[in-house]
file entry21.txt (compact mmCIF, C-alpha atoms)
# COMPACT_ATOMS: atom_id res chain seq x y z
CA MET A 1 18.64 24.58 16.56
CA LEU A 2 15.83 25.98 14.45
CA GLU A 3 16.95 23.73 11.62
CA LEU A 4 16.64 20.67 13.83
CA ILE A 5 13.11 21.65 14.89
CA ASN A 6 12.27 22.16 11.24
CA LEU A 7 13.60 18.70 10.39
CA GLY A 8 11.61 17.21 13.27
CA ILE A 9 8.35 18.80 12.09
CA LYS A 10 9.09 17.75 8.54
CA SER A 11 9.68 14.13 9.51
CA VAL A 12 6.53 13.90 11.64
CA PHE A 13 4.02 15.75 9.45
CA VAL A 14 5.17 16.86 6.01
CA GLU A 15 7.19 13.82 4.95
CA ASN A 16 5.52 11.28 7.20
CA ILE A 17 7.43 8.04 6.74
CA LEU A 18 4.22 6.05 6.30
CA LEU A 19 2.02 8.42 4.32
CA ALA A 20 4.65 9.89 2.00
CA TYR A 21 7.18 7.05 1.70
CA PHE A 22 4.88 4.05 2.34
CA LEU A 23 7.27 2.49 4.85
CA GLY A 24 6.01 0.17 7.56
CA MET A 25 2.73 -0.54 5.75
CA CYS A 26 2.62 -4.24 6.66
CA SER A 27 2.53 -3.81 10.42
CA PHE A 28 0.41 -0.68 9.97
CA LEU A 29 -2.28 -2.73 8.22
CA ALA A 30 -1.99 -5.72 10.54
CA CYS A 31 -1.95 -3.90 13.89
CA SER A 32 -4.41 -1.06 13.37
CA LYS A 33 -7.50 -3.08 14.22
CA LYS A 34 -7.45 -2.36 17.94
CA MET A 35 -6.53 0.80 19.82
CA GLU A 36 -4.46 -0.86 22.57
CA THR A 37 -2.37 -2.86 20.12
CA ALA A 38 -1.82 0.22 18.00
CA SER A 39 -0.65 2.46 20.82
CA GLY A 40 1.58 -0.30 22.22
CA LEU A 41 3.26 -0.87 18.88
CA GLY A 42 3.51 2.88 18.32
CA TRP A 43 5.45 3.42 21.55
CA ALA A 44 7.67 0.41 20.83
CA VAL A 45 8.57 1.78 17.38
CA ILE A 46 9.40 5.25 18.75
CA PHE A 47 11.56 3.62 21.40
CA VAL A 48 13.45 1.33 19.02
CA MET A 49 13.88 4.20 16.55
CA VAL A 50 15.47 6.43 19.21
CA VAL A 51 17.82 3.62 20.27
CA THR A 52 18.85 2.21 16.87
CA THR A 53 19.32 5.39 14.83
CA PRO A 54 22.49 6.54 16.66
CA VAL A 55 23.99 3.05 16.48
CA ASN A 56 23.28 2.73 12.77
CA TRP A 57 24.63 6.22 12.16
CA ALA A 58 27.83 5.35 14.00
CA ALA A 59 28.17 2.01 12.19
CA ASN A 60 27.82 3.82 8.87
CA GLN A 61 30.43 6.44 9.79
CA VAL A 62 32.97 4.02 11.21
CA LEU A 63 32.54 1.00 8.94
CA PHE A 64 30.48 1.27 5.79
CA LYS A 65 30.84 4.74 4.31
CA LYS A 66 33.31 5.30 1.51
CA GLY A 67 36.65 6.09 3.14
CA ALA A 68 35.26 5.33 6.60
CA LEU A 69 37.94 2.76 7.29
CA ALA A 70 40.69 5.41 7.28
CA TRP A 71 41.15 4.86 11.03
CA ALA A 72 42.21 1.27 10.27
CA GLY A 73 44.73 2.44 7.67
CA LEU A 74 42.47 1.65 4.68
CA PRO A 75 41.43 5.03 3.28
CA ASP A 76 40.43 3.56 -0.12
CA ALA A 77 38.15 0.81 1.14
CA ASP A 78 34.46 1.16 0.29
CA LEU A 79 32.25 -1.28 2.15
CA SER A 80 28.96 0.40 1.30
CA PHE A 81 27.75 -2.79 -0.40
CA LEU A 82 27.82 -4.41 3.05
CA SER A 83 25.67 -1.71 4.62
CA PHE A 84 22.34 -3.56 4.05
CA MET A 85 23.57 -6.54 5.99
CA GLY A 86 25.15 -4.32 8.65
CA PHE A 87 22.02 -2.25 9.25
CA ILE A 88 19.68 -5.20 9.49
CA ALA A 89 22.09 -6.97 11.84
CA VAL A 90 22.32 -3.86 14.03
CA ILE A 91 18.55 -3.52 14.13
CA ALA A 92 17.93 -7.19 14.95
CA THR A 93 20.61 -7.12 17.66
CA MET A 94 19.41 -3.86 19.19
CA VAL A 95 15.84 -5.10 19.28
CA GLN A 96 17.01 -8.24 21.04
CA ILE A 97 19.06 -6.24 23.59
CA VAL A 98 16.23 -3.77 24.18
CA GLU A 99 13.89 -6.68 24.75
CA MET A 100 16.20 -8.25 27.35
CA VAL A 101 16.85 -4.93 29.13
CA ILE A 102 13.16 -4.11 29.37
CA ASP A 103 12.43 -7.61 30.59
CA ARG A 104 15.04 -7.22 33.35
CA PHE A 105 14.22 -3.70 34.55
CA SER A 106 10.55 -3.15 33.82
CA PRO A 107 8.54 -6.35 33.58
CA ARG A 108 5.36 -4.32 33.35
CA LEU A 109 6.49 -2.47 30.22
CA TYR A 110 7.75 -5.78 28.86
CA ALA A 111 4.36 -7.36 29.31
CA SER A 112 2.74 -4.61 27.26
CA LEU A 113 5.44 -4.17 24.57
CA GLY A 114 6.96 -7.66 24.62
CA ILE A 115 5.00 -9.27 21.82
CA PHE A 116 5.63 -6.36 19.44
CA LEU A 117 9.38 -6.12 19.78
CA PRO A 118 10.30 -9.10 17.54
CA LEU A 119 7.88 -7.76 14.91
CA ILE A 120 9.76 -4.47 14.83
CA ALA A 121 13.00 -6.07 13.62
CA VAL A 122 11.39 -6.57 10.22
CA ASN A 123 9.48 -3.27 10.17
CA CYS A 124 10.66 -1.54 7.01
CA ALA A 125 10.27 1.91 8.56
CA ILE A 126 13.31 1.29 10.76
CA LEU A 127 15.56 -0.05 8.02
CA GLY A 128 14.22 2.70 5.75
CA VAL A 129 15.24 5.42 8.19
CA ALA A 130 18.75 3.93 8.45
CA LEU A 131 19.05 3.88 4.65
CA PHE A 132 17.67 7.42 4.27
CA ILE A 133 20.15 8.70 6.83
CA SER A 134 23.12 7.19 5.02
CA GLU A 135 21.80 8.33 1.62
CA ARG A 136 21.14 11.93 2.69
CA GLU A 137 24.35 12.11 4.77
CA TYR A 138 22.78 13.56 7.90
CA SER A 139 24.99 14.70 10.79
CA PHE A 140 24.55 13.03 14.17
CA PRO A 141 21.96 15.40 15.73
CA GLU A 142 20.06 15.53 12.42
CA ALA A 143 20.03 11.74 12.22
CA TRP A 144 18.69 11.40 15.71
CA VAL A 145 15.96 14.00 15.25
CA PHE A 146 15.00 12.44 11.91
CA GLY A 147 14.82 8.96 13.47
CA ALA A 148 12.76 10.03 16.47
CA GLY A 149 10.50 12.21 14.30
CA SER A 150 9.86 9.43 11.81
CA GLY A 151 9.01 7.05 14.66
CA ALA A 152 6.61 9.56 16.15
CA GLY A 153 5.00 10.24 12.77
CA TRP A 154 4.53 6.52 12.14
CA ALA A 155 2.99 6.02 15.59
CA LEU A 156 0.68 9.00 15.03
CA ALA A 157 -0.61 7.61 11.74
CA LEU A 158 -1.06 4.14 13.27
CA VAL A 159 -3.07 5.39 16.27
CA ALA A 160 -5.22 7.62 14.06
CA MET A 161 -5.95 4.68 11.75
CA ALA A 162 -6.84 2.42 14.69
CA ALA A 163 -9.32 5.01 15.92
CA MET A 164 -10.91 5.23 12.47
CA ARG A 165 -11.12 1.47 12.03
CA GLN A 166 -12.83 1.09 15.37
CA LYS A 167 -15.51 3.55 14.28
CA LEU A 168 -15.69 1.78 10.94
CA GLY A 169 -16.99 -1.33 12.70
CA TYR A 170 -20.45 0.24 12.70
CA SER A 171 -20.64 0.89 8.98
CA ASP A 172 -21.92 -1.40 6.26
CA ILE A 173 -19.15 -1.78 3.70
CA PRO A 174 -19.45 -3.87 0.51
CA GLY A 175 -17.97 -7.33 1.15
CA PRO A 176 -14.94 -7.32 -1.16
CA LEU A 177 -13.93 -3.84 0.02
CA ARG A 178 -13.84 -4.87 3.68
CA GLY A 179 -10.48 -5.02 5.42
CA LEU A 180 -7.55 -4.17 3.15
CA GLY A 181 -9.52 -2.26 0.51
CA ILE A 182 -11.24 0.26 2.74
CA THR A 183 -8.12 0.65 4.89
CA MET A 184 -6.10 1.62 1.82
CA MET A 185 -8.71 4.19 0.81
CA LEU A 186 -8.75 5.64 4.33
CA THR A 187 -4.96 5.82 4.34
CA GLY A 188 -5.19 7.71 1.06
CA LEU A 189 -7.56 10.23 2.61
CA MET A 190 -5.23 10.55 5.59
CA ALA A 191 -2.27 11.13 3.25
CA LEU A 192 -4.30 13.87 1.53
CA GLY A 193 -4.90 15.46 4.93
CA PHE A 194 -1.23 15.32 5.85
CA MET A 195 -0.32 16.96 2.54
CA CYS A 196 -1.87 20.15 3.92
CA PHE A 197 1.19 20.42 6.16
CA ALA A 198 3.46 20.80 3.12
CA GLY A 199 5.25 24.12 3.10
CA ILE A 200 5.16 24.65 6.87
CA ARG A 201 8.52 26.02 7.99
CA LEU A 202 9.68 27.81 11.11
CA MET B 1 7.02 -30.43 -20.80
CA PRO B 2 9.56 -27.62 -21.08
CA LEU B 3 12.18 -27.33 -18.31
CA GLY B 4 10.62 -30.17 -16.37
CA ILE B 5 7.85 -28.01 -14.98
CA SER B 6 4.96 -30.28 -14.09
CA LYS B 7 1.27 -29.49 -14.18
CA LYS B 8 1.22 -29.10 -10.40
CA ASP B 9 3.99 -26.49 -10.48
CA ARG B 10 2.15 -24.55 -13.13
CA ARG B 11 -0.97 -24.65 -11.00
CA SER B 12 0.92 -23.36 -7.97
CA ILE B 13 2.22 -20.44 -10.04
CA ARG B 14 -1.29 -19.69 -11.23
CA THR B 15 -2.69 -19.67 -7.66
CA ALA B 16 0.03 -17.28 -6.53
CA LEU B 17 -0.82 -15.00 -9.45
CA TRP B 18 -4.53 -14.81 -8.85
CA ALA B 19 -6.42 -16.54 -6.02
CA SER B 20 -3.81 -16.18 -3.28
CA ASN B 21 -1.88 -13.23 -4.65
CA PRO B 22 0.72 -12.11 -2.07
CA VAL B 23 -0.31 -8.45 -2.22
CA THR B 24 -4.09 -8.50 -2.52
CA PHE B 25 -4.79 -11.71 -0.58
CA HIS B 26 -2.04 -12.08 2.04
CA VAL B 27 -1.51 -8.29 2.43
CA LEU B 28 2.27 -8.62 2.16
CA GLY B 29 4.84 -6.32 0.61
CA ILE B 30 2.62 -3.28 0.35
CA CYS B 31 5.36 -0.75 1.16
CA SER B 32 7.35 -1.08 -2.01
CA ALA B 33 4.26 -1.86 -4.10
CA LEU B 34 3.24 1.75 -3.63
CA ALA B 35 6.53 3.59 -3.58
CA VAL B 36 8.01 2.47 -6.90
CA THR B 37 4.88 2.60 -9.05
CA THR B 38 4.90 6.18 -10.32
CA GLN B 39 6.42 4.81 -13.55
CA MET B 40 6.19 1.52 -15.42
CA LYS B 41 9.98 1.26 -15.75
CA THR B 42 10.74 1.35 -12.03
CA ALA B 43 7.85 -1.02 -11.33
CA LEU B 44 9.16 -3.58 -13.84
CA VAL B 45 12.71 -3.39 -12.51
CA MET B 46 11.50 -3.68 -8.92
CA GLY B 47 9.33 -6.68 -9.83
CA ALA B 48 12.27 -8.38 -11.52
CA ALA B 49 14.58 -7.66 -8.57
CA LEU B 50 12.07 -9.05 -6.10
CA THR B 51 11.39 -12.17 -8.18
CA PHE B 52 15.14 -12.78 -8.40
CA VAL B 53 15.69 -12.37 -4.65
CA LEU B 54 12.59 -14.32 -3.67
CA SER B 55 13.19 -17.36 -5.90
CA LEU B 56 16.86 -17.67 -4.93
CA SER B 57 16.30 -17.02 -1.23
CA ASN B 58 13.54 -19.63 -1.22
CA THR B 59 15.89 -22.12 -2.88
CA ALA B 60 18.80 -21.34 -0.54
CA ILE B 61 16.73 -21.50 2.62
CA SER B 62 15.08 -24.69 1.45
CA VAL B 63 18.51 -26.29 0.86
CA LEU B 64 19.63 -25.16 4.33
CA ARG B 65 16.39 -25.99 6.09
CA GLY B 66 17.79 -29.13 7.76
CA PHE B 67 20.73 -27.23 9.28
CA ILE B 68 19.05 -24.05 10.54
CA PRO B 69 18.44 -24.17 14.30
CA GLY B 70 14.89 -23.13 15.10
CA LYS B 71 15.80 -20.40 17.57
CA ILE B 72 17.99 -18.30 15.30
CA ARG B 73 16.19 -18.99 12.02
CA ILE B 74 15.07 -15.38 11.58
CA ILE B 75 18.66 -14.12 11.68
CA VAL B 76 19.81 -16.84 9.27
CA GLN B 77 16.98 -15.99 6.87
CA LEU B 78 17.82 -12.30 7.09
CA VAL B 79 21.48 -12.98 6.29
CA VAL B 80 20.59 -15.06 3.21
CA ILE B 81 18.09 -12.47 2.01
CA SER B 82 20.32 -9.45 2.61
CA THR B 83 23.18 -11.12 0.72
CA LEU B 84 20.94 -11.63 -2.30
CA VAL B 85 19.60 -8.09 -2.04
CA ALA B 86 23.16 -6.73 -1.97
CA VAL B 87 23.86 -8.71 -5.18
CA ALA B 88 20.72 -7.35 -6.85
CA ASP B 89 21.60 -3.82 -5.76
CA GLN B 90 25.15 -4.04 -7.14
CA VAL B 91 23.88 -5.43 -10.47
CA LEU B 92 21.36 -2.58 -10.77
CA LYS B 93 24.01 0.00 -9.91
CA ALA B 94 26.36 -1.44 -12.53
CA PHE B 95 23.95 -1.85 -15.46
CA MET B 96 20.95 0.44 -14.84
CA TYR B 97 22.37 3.31 -12.82
CA ASP B 98 19.56 5.81 -13.45
CA VAL B 99 16.82 3.35 -12.45
CA SER B 100 18.77 2.38 -9.35
CA LYS B 101 18.98 6.07 -8.39
CA GLN B 102 15.20 6.39 -8.83
CA LEU B 103 14.51 3.33 -6.71
CA SER B 104 16.89 4.75 -4.06
CA VAL B 105 16.35 3.01 -0.73
CA PHE B 106 13.61 0.71 -1.95
CA VAL B 107 15.98 -1.90 -3.37
CA GLY B 108 17.53 -2.23 0.07
CA LEU B 109 14.09 -2.47 1.57
CA ILE B 110 13.46 -5.77 -0.25
CA ILE B 111 15.20 -7.25 2.83
CA THR B 112 12.29 -6.31 5.04
CA ASN B 113 9.70 -6.93 2.35
CA CYS B 114 7.30 -9.23 4.14
CA ILE B 115 6.79 -11.40 1.03
CA VAL B 116 10.38 -12.66 1.14
CA MET B 117 10.39 -13.38 4.87
CA GLY B 118 6.85 -14.71 4.73
CA ARG B 119 7.51 -17.22 1.94
CA ALA B 120 10.80 -18.32 3.55
CA GLU B 121 9.05 -18.95 6.83
CA ALA B 122 5.81 -20.41 5.51
CA TYR B 123 7.01 -22.40 2.48
CA ALA B 124 10.75 -22.80 2.04
CA MET B 125 11.34 -24.10 5.58
CA ARG B 126 9.09 -27.10 4.84
CA ASN B 127 9.48 -27.91 1.15
CA PRO B 128 12.24 -29.24 -1.14
CA PRO B 129 14.40 -26.76 -3.12
CA PHE B 130 12.81 -27.01 -6.57
CA LYS B 131 9.27 -26.60 -5.27
CA SER B 132 10.40 -23.62 -3.20
CA PHE B 133 12.04 -22.11 -6.28
CA ILE B 134 8.78 -22.44 -8.23
CA ASP B 135 6.88 -20.96 -5.30
CA GLY B 136 9.30 -18.03 -5.24
CA ILE B 137 8.87 -17.41 -8.98
CA GLY B 138 5.09 -17.58 -8.66
CA ASN B 139 4.87 -15.18 -5.75
CA GLY B 140 7.40 -12.85 -7.32
CA LEU B 141 5.31 -12.74 -10.50
CA GLY B 142 2.11 -12.22 -8.52
CA TYR B 143 3.72 -9.24 -6.79
CA SER B 144 5.05 -7.87 -10.09
CA ALA B 145 1.59 -8.20 -11.67
CA VAL B 146 0.02 -5.98 -9.01
CA LEU B 147 2.93 -3.54 -9.27
CA VAL B 148 2.60 -3.24 -13.05
CA CYS B 149 -1.17 -2.89 -12.74
CA VAL B 150 -0.85 0.04 -10.32
CA ALA B 151 1.99 1.57 -12.35
CA VAL B 152 0.05 1.50 -15.65
CA PHE B 153 -2.74 3.58 -14.15
CA ARG B 154 -0.44 5.94 -12.30
CA GLU B 155 1.80 6.66 -15.27
CA LEU B 156 -1.03 6.87 -17.79
CA LEU B 157 -3.25 9.16 -15.71
CA GLY B 158 -0.48 11.08 -13.98
CA GLN B 159 1.89 11.76 -16.86
CA GLY B 160 0.05 10.61 -19.98
CA THR B 161 2.86 8.20 -20.89
CA LEU B 162 3.56 4.45 -20.77
CA LEU B 163 7.17 3.29 -20.33
CA GLY B 164 8.16 6.84 -21.22
CA TRP B 165 6.26 6.85 -24.57
CA ARG B 166 3.57 9.48 -24.95
CA VAL B 167 0.19 7.74 -25.20
CA VAL B 168 -2.30 10.52 -24.65
CA PRO B 169 -2.39 12.46 -27.97
CA GLU B 170 -1.47 16.15 -28.14
CA ALA B 171 -4.89 16.99 -29.52
CA LEU B 172 -6.50 15.91 -26.28
CA TYR B 173 -4.31 18.29 -24.26
CA GLU B 174 -5.16 21.11 -26.66
CA SER B 175 -8.86 20.51 -26.13
CA GLY B 176 -8.43 21.00 -22.39
CA TYR B 177 -7.41 17.60 -20.95
CA ALA B 178 -4.98 17.83 -18.02
CA ASN B 179 -2.87 15.19 -16.31
CA CYS B 180 -4.15 14.08 -12.93
CA GLY B 181 -1.44 15.28 -10.55
CA LEU B 182 -2.92 13.32 -7.66
CA MET B 183 -1.87 10.04 -9.26
CA VAL B 184 1.83 10.89 -9.01
CA LEU B 185 1.51 11.76 -5.32
CA ALA B 186 1.16 9.34 -2.42
CA PRO B 187 -2.65 9.49 -1.94
CA GLY B 188 -3.25 8.44 -5.56
CA ALA B 189 -1.29 5.25 -4.93
CA PHE B 190 -3.37 4.42 -1.86
CA PHE B 191 -6.67 5.00 -3.69
CA LEU B 192 -5.57 2.95 -6.70
CA LEU B 193 -4.34 0.00 -4.68
CA GLY B 194 -7.54 0.09 -2.63
CA ALA B 195 -9.59 0.01 -5.84
CA ILE B 196 -7.48 -2.79 -7.36
CA VAL B 197 -7.89 -4.88 -4.21
CA TRP B 198 -11.62 -4.23 -4.34
CA VAL B 199 -11.94 -5.35 -7.97
CA GLN B 200 -9.67 -8.37 -7.50
CA ARG B 201 -11.54 -9.55 -4.42
CA PHE B 202 -14.89 -8.92 -6.08
CA LEU B 203 -13.89 -11.12 -9.04
CA SER B 204 -12.27 -13.86 -6.97
CA GLY B 205 -15.11 -13.79 -4.44
CA TYR B 206 -13.04 -13.37 -1.28
CA THR B 207 -14.30 -11.47 1.75
CA GLU B 208 -12.23 -10.65 4.82
CA LYS B 209 -13.67 -11.85 8.11
CA PRO B 210 -14.11 -9.03 10.65
call {"tool": "encode", "arguments": {"input": "entry21.txt", "output": "structure tokens"}}
result
Amino acid sequence: MLELINLGIKSVFVENILLAYFLGMCSFLACSKKMETASGLGWAVIFVMVVTTPVNWAANQVLFKKGALAWAGLPDADLSFLSFMGFIAVIATMVQIVEMVIDRFSPRLYASLGIFLPLIAVNCAILGVALFISEREYSFPEAWVFGAGSGAGWALALVAMAAMRQKLGYSDIPGPLRGLGITMMLTGLMALGFMCFAGIRL
Amino acid sequence: MPLGISKKDRRSIRTALWASNPVTFHVLGICSALAVTTQMKTALVMGAALTFVLSLSNTAISVLRGFIPGKIRIIVQLVVISTLVAVADQVLKAFMYDVSKQLSVFVGLIITNCIVMGRAEAYAMRNPPFKSFIDGIGNGLGYSAVLVCVAVFRELLGQGTLLGWRVVPEALYESGYANCGLMVLAPGAFFLLGAIVWVQRFLSGYTEKP
């Protein structure tokens, strides 16, 4: 249990998927201009992460891992070269299903998350988590905690950046540095801050 | 004219390299631009892999553009791209195993690299195959240029080497010079890319609208 909590803390703070592994930068840069957009996308990513990680884990165990096809009488088969295609298909499908389910059962949530869901299918943080899980050979509970923690860490960084950029509107920045340039520098400072968490263990 | 490349094609490559560079102008493909640039070697391999995937996926999608139904085009594009990425990954694993281990998940992440999807959607869906191929090469090179630029600084300042060769002389270390550890870590990459974007936009005279 303690190990799982440790892994959760590590994935949110110490090895934040955005600030330490640079995953999900594109939507991070594009959607951190406004607070509402940022928090909406943040929740959507956490949600999709929690739903897709178990499915991807299972797909890897049952289909793609070396020797995973033993149940079908093919113990020597190694389909790991197909795993890229499998993961991205699972993610795109899950996002589509999640979108339809939310639309059916909670139109209000759909109205607030709806526009972000298609964007998430090509968010590299989600594919990255699936690939990390298969590379590090996590067990099922570990995989789930890692997925949820990474989603939460990503959302945290996004919301923090949106808050900073809103304040930044009042400052006079040199023209060429505006937008991407200053956002990168701020992300760097944030990454420095998050590095202070390194070494925290329970 | 070598290889039948016209003046217009050359111009489109040049624009992708400088004025509308995919990384510094369109803000695409930042993720991997930062993750693989601690060393020149990984940056070069990553740039080559992306250029390969991008030029061929552009060509393939451009050939198929008449047959792809509008509603499921994203899925079709993803299938084409992930097939090419799987090919690139297998080639790297077969011939450059150590580099492929260093790049770890980032080869697979070319699939969700926004440059590939972005160019497929914005260019290859509307233009003939050869032009799309040239566009893919140009954007791939533009991306690689930024990657190499970041990697040169990170490797030189962080480890004192270039492509694994020692550049900073021993005498300098003896007189008290130390490698800048920050450059190898994540924040160094953010600062450097921010600075490179600043310089590039200052020289090309582009300012983002608020």
call {"tool": "closest_residue", "arguments": {"input": "entry21.txt", "among": "B:Asn139, B:Asn179, B:Gln159, B:Ser204", "to": "chain A", "atoms": "all atoms listed in the file"}}
result
B:Ser204
call {"tool": "closest_atom_pairs", "arguments": {"input": "entry21.txt", "of": "chain B", "to": "chain A", "cutoff": "6 Å", "atoms": "only C-alpha atoms", "output": "tab-separated table"}}
result
residue	atom	partner	partner_atom	distance
B:Cys31	CA	A:Phe22	CA	5.0
B:Ser82	CA	A:Met85	CA	5.5
B:Thr112	CA	A:Val122	CA	5.3
B:Ala186	CA	A:Ala20	CA	5.7
B:Pro187	CA	A:Gly188	CA	4.3
B:Phe190	CA	A:Gly188	CA	4.8
B:Phe191	CA	A:Met185	CA	5.0
B:Gly194	CA	A:Gly181	CA	4.4
B:Val197	CA	A:Gly181	CA	5.6
B:Trp198	CA	A:Leu177	CA	4.9
B:Arg201	CA	A:Pro176	CA	5.2
B:Phe202	CA	A:Pro176	CA	5.2
B:Thr207	CA	A:Pro176	CA	5.1
B:Glu208	CA	A:Gly179	CA	5.9
call {"tool": "residues_around", "arguments": {"input": "entry21.txt", "residues": "region 96-103 of chain A", "least_positions_apart": "2", "cutoff": "10 Å", "atoms": "all atoms listed in the file", "output": "list of chain:residue names"}}
result
A:Phe47, A:Val48, A:Val51, A:Thr52, A:Val90, A:Ile91, A:Ala92, A:Thr93, A:Met94, A:Phe105, A:Ser106, A:Pro107, A:Arg108, A:Leu109, A:Tyr110, A:Ala111, A:Leu113, A:Gly114, A:Ile115, A:Phe116, A:Leu117, A:Pro118, A:Ala121
call {"tool": "closest_residue", "arguments": {"input": "entry21.txt", "among": "B:Tyr123, B:Gly158, B:Met46, B:Ser6", "to": "Ala178 (chain B)", "atoms": "only C-alpha atoms"}}
result
B:Gly158
call {"tool": "axis_aligned_box", "arguments": {"input": "entry21.txt", "around": "region 25-36 of chain B", "padding_each_side": "5 Å", "output": "JSON"}}
result
{"center_x": 1.6, "center_y": -4.2, "center_z": -2.2, "size_x": 22.8, "size_y": 25.7, "size_z": 19.3}
call {"tool": "residues_around", "arguments": {"input": "entry21.txt", "residues": "region 149-160 of chain A", "least_positions_apart": "4", "cutoff": "7 Å", "atoms": "only C-alpha atoms", "output": "number ranges by chain"}}
result
A: 8, 11-13, 16-18, 28, 32, 35, 38-39, 42-43, 45-46, 49, 145, 164
